[in-house]
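Report on the structure given below.
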Amino acid sequence: MKEAASSGGGSAGGSDPRMASTARPYTPPKLSPQDLPIDYAGFLAVVFGVVGVMLRYKVCSWIAIIFCAQSLANMKNFENDLKQLSMAFMFAVMGLVTNYLGPPRPGSTKR
């Protein structure tokens, strides 16, 4: 047992098959913006934002804000994602403003 521990398990001796002179650091491959995966959080933010504005659902507008934050945190392609994110955020804010500050929904009278 003592002999195996002193030799370093066989890797410290001359029996290492790897060649240190050919080792090079890993560099990830370059991807074009078209090859990046789809930003599902950004897409869902746009969908929920539009639904929140058109159908005046407060919950959809709040969900759109949450998906906007998630998309902002995971942004890969700054230019394209920022355009989509800003549009989704504007729809979400527009939905919240119309829901909370706009006229009441037709058919929902408060007594």
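Just so we're on the same page: first chain in the structure tokens is A, next is B, and so on; residues restart at 1 for each chain, and ligands are numbered from 1 in the order they show up.
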Q) DSSP says alpha helix (DSSP H) for which residues of chain A? Put them as a PyMOL selection string? A) chain A and resi 2-6+40-54+58-73+78-101
Q: Just the residues within 8 Å of Leu85 of chain A, please, counting only C-alpha atoms, with nothing from its chain fewer than 3 positions along; format it as a list in words.
A: Gly42, Ala45, Val46, Cys68, Ser71, Leu72, Asp81, Leu82, Ala88 and Phe89 of chain A
Requested write-out: N, CA and C atoms of the selected residues, as a PDB file, in the first residue's frame:
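And here's result-v3.pdb as it stands now:
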ATOM      1  N   GLY A  42     -38.119  34.636 -24.030  1.00  0.00           N
ATOM      2  CA  GLY A  42     -38.443  35.865 -24.752  1.00  0.00           C
ATOM      3  C   GLY A  42     -39.698  35.715 -25.591  1.00  0.00           C
ATOM      4  N   ALA A  45     -42.637  35.700 -23.317  1.00  0.00           N
ATOM      5  CA  ALA A  45     -42.880  37.053 -22.803  1.00  0.00           C
ATOM      6  C   ALA A  45     -43.693  37.864 -23.813  1.00  0.00           C
ATOM      7  N   VAL A  46     -43.368  37.737 -25.086  1.00  0.00           N
ATOM      8  CA  VAL A  46     -44.130  38.447 -26.117  1.00  0.00           C
ATOM      9  C   VAL A  46     -45.563  37.930 -26.173  1.00  0.00           C
ATOM     10  N   CYS A  68     -39.714  38.275 -19.121  1.00  0.00           N
ATOM     11  CA  CYS A  68     -38.759  39.293 -19.576  1.00  0.00           C
ATOM     12  C   CYS A  68     -37.506  39.268 -18.706  1.00  0.00           C
ATOM     13  N   SER A  71     -35.500  36.177 -19.578  1.00  0.00           N
ATOM     14  CA  SER A  71     -34.833  36.326 -20.864  1.00  0.00           C
ATOM     15  C   SER A  71     -33.652  37.286 -20.761  1.00  0.00           C
ATOM     16  N   LEU A  72     -33.782  38.318 -19.955  1.00  0.00           N
ATOM     17  CA  LEU A  72     -32.682  39.262 -19.754  1.00  0.00           C
ATOM     18  C   LEU A  72     -31.516  38.583 -19.052  1.00  0.00           C
ATOM     19  N   ASP A  81     -31.809  39.708 -29.205  1.00  0.00           N
ATOM     20  CA  ASP A  81     -32.579  39.442 -27.994  1.00  0.00           C
ATOM     21  C   ASP A  81     -33.061  40.728 -27.344  1.00  0.00           C
ATOM     22  N   LEU A  82     -32.279  41.796 -27.433  1.00  0.00           N
ATOM     23  CA  LEU A  82     -32.690  43.058 -26.824  1.00  0.00           C
ATOM     24  C   LEU A  82     -33.891  43.648 -27.549  1.00  0.00           C
ATOM     25  N   ALA A  88     -41.375  42.865 -25.812  1.00  0.00           N
ATOM     26  CA  ALA A  88     -42.160  42.111 -24.827  1.00  0.00           C
ATOM     27  C   ALA A  88     -42.388  42.936 -23.569  1.00  0.00           C
ATOM     28  N   PHE A  89     -41.362  43.669 -23.142  1.00  0.00           N
ATOM     29  CA  PHE A  89     -41.497  44.492 -21.937  1.00  0.00           C
ATOM     30  C   PHE A  89     -42.505  45.609 -22.170  1.00  0.00           C
TER      31      PHE A  89
END
Q) Between atom CA of Lys76 of chain A and atom CA of Gly52 of chain A, what is the distance, to one decimal in Å? A) 26.3 Å
Q: Tell me which of A:Val50, A:Leu31, A:Ile38, A:Leu55 sits closest to Asn74 of chain A, counting only C-alpha atoms.
A: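 Ranked by minimum distance to Asn74 of chain A, first place goes to A:Ile38.
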Q: Between atom CA of Leu44 of chain A and atom CA of Glu79 of chain A, measure the distance and give it in Å to one decimal.
A: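 The value is 18.4 Å.
Take atom CA of Arg105 of chain A and atom CA of Phe43 of chain A: the distance between them is 27.0 Å.
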Using only C-alpha atoms, which residues of segment 6-86 of chain A come within 7 Å of segment 91-95 of chain A, and what is the closest atom pair for each, with the distance in Å to one decimal? Give it as a tab-separated table, sorted by chain and residue number.
residue	atom	partner	partner_atom	distance
A:Gly49	CA	A:Ala92	CA	4.4
A:Val50	CA	A:Phe91	CA	6.0
A:Gly52	CA	A:Gly95	CA	5.2
A:Val53	CA	A:Gly95	CA	4.2
A:Arg56	CA	A:Gly95	CA	6.5
A:Ser61	CA	A:Ala92	CA	4.8
A:Ala64	CA	A:Ala92	CA	5.7
A:Ile65	CA	A:Ala92	CA	6.0
